[in-house]
Amino acid sequence: MKRSLEQRLQEGPVVCGEGYLFELERRGYLQAGSFVPEVALDNPQALKQTYRDYMLAGSDVVLAFTYNGHREKMRIIGKEDLLEPLNRQAIRLAKEVAAEHPEEEALVAGNVSNTNLFDPDDEESKANVRGIFAEMIGWCKEEGVDFVNGETFYYYEEAKIALEEIQRQGLPAVITLGLMSENILRDGYTVEEACRLLEKQGALVVGMNCFRGPATMQPYIEQIRQEVEGYVGALPIPYRTTEDHPTFFNLPDGGCSCSLPTETTFPTSLDPLYCNRYELAEWAAEAQQSGVNYIGLCCGASPSMLREVAETVGRNTVNSVYSPDMKKHFLFGTDETLKGHNTAYRTKA
């Protein structure tokens, strides 16, 4: 029998793999810039394989890929007619993959996110945002998701609207905020204050995702943990953000010798700025110790990175059979049958 999100949270940390946006762009199935998840309709098998790769790497959740799949984004690219088919297809594919899990069927989460339409001084924008969320969450309900993930909100009030619409459909809510480099949400709330309010209003999990790497997200996660009583989520990007450059939007690459076609390394030149898997493992251990219950990675994450996080918090994932084991490597191994003239050469190779 499949346990609910709340049951799993009660029994230990829940791992959630996000990051489909960058991963599918890297695999060649999504356009950087517009970042609209048309892959659900154009290349459903590619999306299913991506879902599958993250699930087998340890994700307890198959998150329906509808990030940016809302009416405003579809309007910009002139494809509003595909809005409902895209949303329903993304959820149905997620359900198909979740049922494949060989141990326990994975949870399926619907997804709503920042609309980039919200304006705290414009009441019409608020009504439009509510309408966007209402229709997407309505489809989530009809398609039978286990909960809805509302993510990457940089306005508290937009997150609150999303939570209200999720609750209107009677679904559990995970709400995570994206904190930009001014270190405060754009409508003036601190991230910990916003999380406290969202928890009070009924969110099952509150926390942060995206924009920030482990180094610049974790201090705020610890502040959130002090402010809320329930479950806390943390899903950073896997990049080496710093105090001077706390988000990936303006992260410099001093080693780049080419002329970038974009003003900054974001979004297509971030590759040299990755955390390695062991840095991510150290963060995961720190996050778990600080009381994070819902843990994962966001944009830029690969399945192998997520597997490292999952194993660090105590999981033996389906694909842990492929985790690194250097014992038999011809240069760096320790197996007694390896050739000594090779292993002695390891520092000269």
# chains A, B, ... in the order shown; residues from 1 in each chain; ligands from 1

call {"tool": "select_by_dssp", "arguments": {"residues": "segment 207-292 of chain A", "states": "helix (DSSP H, G or I)", "output": "JSON, numbers by chain"}}
result
{"A": [214, 215, 216, 217, 218, 219, 220, 221, 222, 223, 224, 225, 226, 227, 248, 249, 250, 271, 272, 273, 277, 278, 279, 280, 281, 282, 283, 284, 285, 286, 287, 288, 289]}

call {"tool": "write_last_selection", "arguments": {"atoms": "N, CA and C atoms", "output": "mmCIF file, in the first residue's frame"}}
result
data_model
loop_
_atom_site.group_PDB
_atom_site.id
_atom_site.type_symbol
_atom_site.label_atom_id
_atom_site.label_comp_id
_atom_site.auth_asym_id
_atom_site.auth_seq_id
_atom_site.Cartn_x
_atom_site.Cartn_y
_atom_site.Cartn_z
ATOM 1 N N PRO A 214 23.774 25.276 -1.997
ATOM 2 C CA PRO A 214 23.782 24.880 -0.583
ATOM 3 C C PRO A 214 24.380 25.923 0.350
ATOM 4 N N ALA A 215 25.490 26.554 -0.056
ATOM 5 C CA ALA A 215 26.196 27.474 0.840
ATOM 6 C C ALA A 215 25.373 28.698 1.191
ATOM 7 N N THR A 216 24.549 29.175 0.267
ATOM 8 C CA THR A 216 23.789 30.402 0.527
ATOM 9 C C THR A 216 22.320 30.145 0.828
ATOM 10 N N MET A 217 21.894 28.879 0.772
ATOM 11 C CA MET A 217 20.538 28.539 1.186
ATOM 12 C C MET A 217 20.498 28.047 2.631
ATOM 13 N N GLN A 218 21.470 27.233 3.027
ATOM 14 C CA GLN A 218 21.401 26.569 4.326
ATOM 15 C C GLN A 218 21.243 27.525 5.509
ATOM 16 N N PRO A 219 21.912 28.679 5.556
ATOM 17 C CA PRO A 219 21.695 29.580 6.700
ATOM 18 C C PRO A 219 20.237 30.005 6.853
ATOM 19 N N TYR A 220 19.537 30.186 5.747
ATOM 20 C CA TYR A 220 18.120 30.567 5.816
ATOM 21 C C TYR A 220 17.246 29.386 6.189
ATOM 22 N N ILE A 221 17.634 28.186 5.745
ATOM 23 C CA ILE A 221 16.905 26.982 6.146
ATOM 24 C C ILE A 221 16.948 26.829 7.663
ATOM 25 N N GLU A 222 18.084 27.109 8.263
ATOM 26 C CA GLU A 222 18.202 26.995 9.718
ATOM 27 C C GLU A 222 17.326 28.025 10.423
ATOM 28 N N GLN A 223 17.201 29.206 9.854
ATOM 29 C CA GLN A 223 16.297 30.216 10.422
ATOM 30 C C GLN A 223 14.842 29.775 10.293
ATOM 31 N N ILE A 224 14.493 29.177 9.152
ATOM 32 C CA ILE A 224 13.133 28.665 8.965
ATOM 33 C C ILE A 224 12.836 27.578 9.990
ATOM 34 N N ARG A 225 13.812 26.691 10.191
ATOM 35 C CA ARG A 225 13.612 25.590 11.139
ATOM 36 C C ARG A 225 13.298 26.106 12.543
ATOM 37 N N GLN A 226 13.893 27.228 12.906
ATOM 38 C CA GLN A 226 13.644 27.813 14.218
ATOM 39 C C GLN A 226 12.255 28.442 14.320
ATOM 40 N N GLU A 227 11.699 28.825 13.178
ATOM 41 C CA GLU A 227 10.434 29.562 13.167
ATOM 42 C C GLU A 227 9.212 28.670 13.012
ATOM 43 N N PHE A 248 22.202 31.996 -8.642
ATOM 44 C CA PHE A 248 22.859 31.645 -9.907
ATOM 45 C C PHE A 248 22.571 32.622 -11.031
ATOM 46 N N PHE A 249 21.782 33.632 -10.766
ATOM 47 C CA PHE A 249 21.435 34.579 -11.827
ATOM 48 C C PHE A 249 22.620 35.451 -12.242
ATOM 49 N N ASN A 250 23.511 35.727 -11.305
ATOM 50 C CA ASN A 250 24.653 36.592 -11.603
ATOM 51 C C ASN A 250 25.967 35.973 -11.141
ATOM 52 N N ASP A 271 28.028 25.466 -16.262
ATOM 53 C CA ASP A 271 28.622 24.142 -16.070
ATOM 54 C C ASP A 271 29.884 24.127 -15.204
ATOM 55 N N PRO A 272 30.844 25.054 -15.363
ATOM 56 C CA PRO A 272 32.058 24.989 -14.545
ATOM 57 C C PRO A 272 31.835 25.335 -13.082
ATOM 58 N N LEU A 273 30.640 25.765 -12.735
ATOM 59 C CA LEU A 273 30.366 26.278 -11.392
ATOM 60 C C LEU A 273 29.624 25.275 -10.521
ATOM 61 N N ARG A 277 29.580 16.010 -6.234
ATOM 62 C CA ARG A 277 28.623 15.207 -5.473
ATOM 63 C C ARG A 277 28.963 15.119 -3.989
ATOM 64 N N TYR A 278 30.261 15.228 -3.654
ATOM 65 C CA TYR A 278 30.653 15.110 -2.256
ATOM 66 C C TYR A 278 30.346 16.385 -1.479
ATOM 67 N N GLU A 279 30.420 17.520 -2.146
ATOM 68 C CA GLU A 279 29.954 18.770 -1.537
ATOM 69 C C GLU A 279 28.458 18.688 -1.249
ATOM 70 N N LEU A 280 27.714 18.129 -2.197
ATOM 71 C CA LEU A 280 26.271 17.992 -2.014
ATOM 72 C C LEU A 280 25.952 17.012 -0.889
ATOM 73 N N ALA A 281 26.759 15.971 -0.777
ATOM 74 C CA ALA A 281 26.568 15.022 0.323
ATOM 75 C C ALA A 281 26.808 15.686 1.669
ATOM 76 N N GLU A 282 27.849 16.505 1.758
ATOM 77 C CA GLU A 282 28.120 17.220 3.012
ATOM 78 C C GLU A 282 26.965 18.150 3.362
ATOM 79 N N TRP A 283 26.418 18.822 2.330
ATOM 80 C CA TRP A 283 25.268 19.689 2.607
ATOM 81 C C TRP A 283 24.080 18.864 3.085
ATOM 82 N N ALA A 284 23.811 17.741 2.421
ATOM 83 C CA ALA A 284 22.654 16.924 2.796
ATOM 84 C C ALA A 284 22.743 16.469 4.246
ATOM 85 N N ALA A 285 23.959 16.090 4.679
ATOM 86 C CA ALA A 285 24.133 15.691 6.075
ATOM 87 C C ALA A 285 23.862 16.859 7.008
ATOM 88 N N GLU A 286 24.349 18.029 6.639
ATOM 89 C CA GLU A 286 24.121 19.231 7.452
ATOM 90 C C GLU A 286 22.639 19.578 7.497
ATOM 91 N N ALA A 287 21.983 19.490 6.346
ATOM 92 C CA ALA A 287 20.559 19.822 6.283
ATOM 93 C C ALA A 287 19.735 18.859 7.127
ATOM 94 N N GLN A 288 20.046 17.580 7.025
ATOM 95 C CA GLN A 288 19.312 16.592 7.822
ATOM 96 C C GLN A 288 19.522 16.841 9.308
ATOM 97 N N GLN A 289 20.753 17.134 9.691
ATOM 98 C CA GLN A 289 21.044 17.397 11.101
ATOM 99 C C GLN A 289 20.316 18.636 11.593
#

call {"tool": "residues_around", "arguments": {"residues": "segment 126-130 of chain A", "least_positions_apart": "3", "cutoff": "8 Å", "atoms": "only C-alpha atoms", "output": "ChimeraX atom specification"}}
result
/A:115,117-120,122-123,133-134,158,161-162,165

call {"tool": "select_by_dssp", "arguments": {"residues": "segment 90-256 of chain A", "states": "strand (DSSP E)", "output": "list in words"}}
result
Leu107, Val108, Ala109, Gly110, Asn111, Val112, Ser113, Phe147, Val148, Asn149, Gly150, Glu151, Thr152, Phe153, Ala173, Val174, Ile175, Thr176, Leu177, Val205, Val206, Gly207, Met208, Asn209, Tyr231, Val232, Gly233, Ala234 and Leu235 of chain A

call {"tool": "atom_distance", "arguments": {"atom1": "atom CA of Asp325 of chain A", "atom2": "atom CA of Glu100 of chain A"}}
result
27.0 Å

call {"tool": "residues_around", "arguments": {"residues": "Lys48 of chain A", "least_positions_apart": "5", "cutoff": "12 Å", "atoms": "only C-alpha atoms", "output": "CSV table (one decimal) with N, CA, C and O atoms, in the first residue's frame"}}
result
chain,number,residue,atom,x,y,z
A,20,TYR,N,14.1,19.1,-13.5
A,20,TYR,CA,13.9,18.7,-14.9
A,20,TYR,C,14.1,19.7,-15.9
A,20,TYR,O,14.5,19.4,-17.1
A,24,LEU,N,16.4,18.5,-18.9
A,24,LEU,CA,15.9,18.2,-20.2
A,24,LEU,C,16.4,19.2,-21.3
A,24,LEU,O,16.6,18.8,-22.5
A,39,VAL,N,8.0,19.5,-23.8
A,39,VAL,CA,8.4,18.1,-23.9
A,39,VAL,C,7.3,17.1,-23.5
A,39,VAL,O,7.3,16.0,-24.1
A,40,ALA,N,6.4,17.5,-22.6
A,40,ALA,CA,5.3,16.5,-22.3
A,40,ALA,C,4.5,16.1,-23.5
A,40,ALA,O,4.0,15.0,-23.5
A,41,LEU,N,4.4,17.0,-24.4
A,41,LEU,CA,3.6,16.7,-25.6
A,41,LEU,C,4.5,16.3,-26.8
A,41,LEU,O,4.2,15.4,-27.6
A,42,ASP,N,5.7,17.0,-26.9
A,42,ASP,CA,6.6,16.8,-28.1
A,42,ASP,C,7.4,15.5,-28.0
A,42,ASP,O,7.6,14.8,-29.0
A,43,ASN,N,7.8,15.2,-26.8
A,43,ASN,CA,8.7,14.0,-26.6
A,43,ASN,C,8.4,13.3,-25.3
A,43,ASN,O,9.2,13.3,-24.3
A,53,ASP,N,14.6,8.3,-14.2
A,53,ASP,CA,16.0,8.4,-13.8
A,53,ASP,C,16.1,9.0,-12.4
A,53,ASP,O,16.9,8.6,-11.5
A,54,TYR,N,15.3,10.0,-12.1
A,54,TYR,CA,15.3,10.7,-10.8
A,54,TYR,C,14.6,9.8,-9.8
A,54,TYR,O,15.1,9.7,-8.6
A,55,MET,N,13.6,9.1,-10.1
A,55,MET,CA,12.9,8.2,-9.2
A,55,MET,C,13.9,7.1,-8.8
A,55,MET,O,14.0,6.8,-7.6
A,62,VAL,N,7.5,11.7,-7.9
A,62,VAL,CA,7.6,12.0,-9.3
A,62,VAL,C,6.8,13.3,-9.4
A,62,VAL,O,5.6,13.3,-9.3
A,63,LEU,N,7.5,14.4,-9.7
A,63,LEU,CA,6.9,15.7,-9.7
A,63,LEU,C,6.5,16.0,-11.2
A,63,LEU,O,7.3,16.0,-12.1
A,64,ALA,N,5.2,16.1,-11.4
A,64,ALA,CA,4.7,16.4,-12.7
A,64,ALA,C,5.4,17.7,-13.3
A,64,ALA,O,5.4,18.7,-12.6
A,65,PHE,N,5.9,17.6,-14.5
A,65,PHE,CA,6.7,18.7,-15.1
A,65,PHE,C,5.8,19.7,-15.7
A,65,PHE,O,5.6,19.7,-16.9
A,89,GLN,N,-1.1,15.7,-19.6
A,89,GLN,CA,-0.2,14.7,-20.1
A,89,GLN,C,1.0,14.6,-19.1
A,89,GLN,O,1.5,13.5,-18.8
A,90,ALA,N,1.5,15.7,-18.6
A,90,ALA,CA,2.6,15.7,-17.7
A,90,ALA,C,2.3,14.9,-16.4
A,90,ALA,O,3.1,14.1,-15.9
A,91,ILE,N,1.1,15.0,-15.9
A,91,ILE,CA,0.6,14.3,-14.7
A,91,ILE,C,0.4,12.8,-15.0
A,91,ILE,O,0.9,11.9,-14.3
A,92,ARG,N,-0.2,12.5,-16.2
A,92,ARG,CA,-0.4,11.1,-16.5
A,92,ARG,C,0.9,10.3,-16.7
A,92,ARG,O,1.0,9.2,-16.3
A,93,LEU,N,1.9,11.0,-17.3
A,93,LEU,CA,3.2,10.3,-17.5
A,93,LEU,C,3.8,10.1,-16.2
A,93,LEU,O,4.5,9.1,-15.9
A,94,ALA,N,3.7,11.1,-15.3
A,94,ALA,CA,4.3,10.9,-13.9
A,94,ALA,C,3.6,9.8,-13.2
A,94,ALA,O,4.3,9.0,-12.5
A,95,LYS,N,2.3,9.6,-13.3
A,95,LYS,CA,1.6,8.5,-12.7
A,95,LYS,C,2.1,7.1,-13.2
A,95,LYS,O,2.3,6.2,-12.5
A,96,GLU,N,2.3,7.1,-14.5
A,96,GLU,CA,2.8,5.8,-15.2
A,96,GLU,C,4.2,5.4,-14.6
A,96,GLU,O,4.4,4.3,-14.3
A,97,VAL,N,5.1,6.4,-14.5
A,97,VAL,CA,6.4,6.1,-14.0
A,97,VAL,C,6.3,5.8,-12.5
A,97,VAL,O,7.0,4.8,-12.0
A,98,ALA,N,5.6,6.5,-11.7
A,98,ALA,CA,5.5,6.3,-10.3
A,98,ALA,C,5.0,4.8,-10.0
A,98,ALA,O,5.5,4.2,-9.0
A,99,ALA,N,4.2,4.3,-10.8
A,99,ALA,CA,3.7,2.9,-10.6
A,99,ALA,C,4.8,1.9,-10.9
A,99,ALA,O,4.6,0.7,-10.6
A,100,GLU,N,5.8,2.3,-11.6
A,100,GLU,CA,6.9,1.3,-12.0
A,100,GLU,C,7.8,1.0,-10.8
A,100,GLU,O,8.6,0.1,-10.9

call {"tool": "residues_around", "arguments": {"residues": "segment 178-180 of chain A", "least_positions_apart": "6", "cutoff": "7 Å", "atoms": "only C-alpha atoms", "output": "list in words"}}
result
Thr152, Phe153, Tyr154, Met208, Asn209, Cys210, Phe211 and Thr247 of chain A
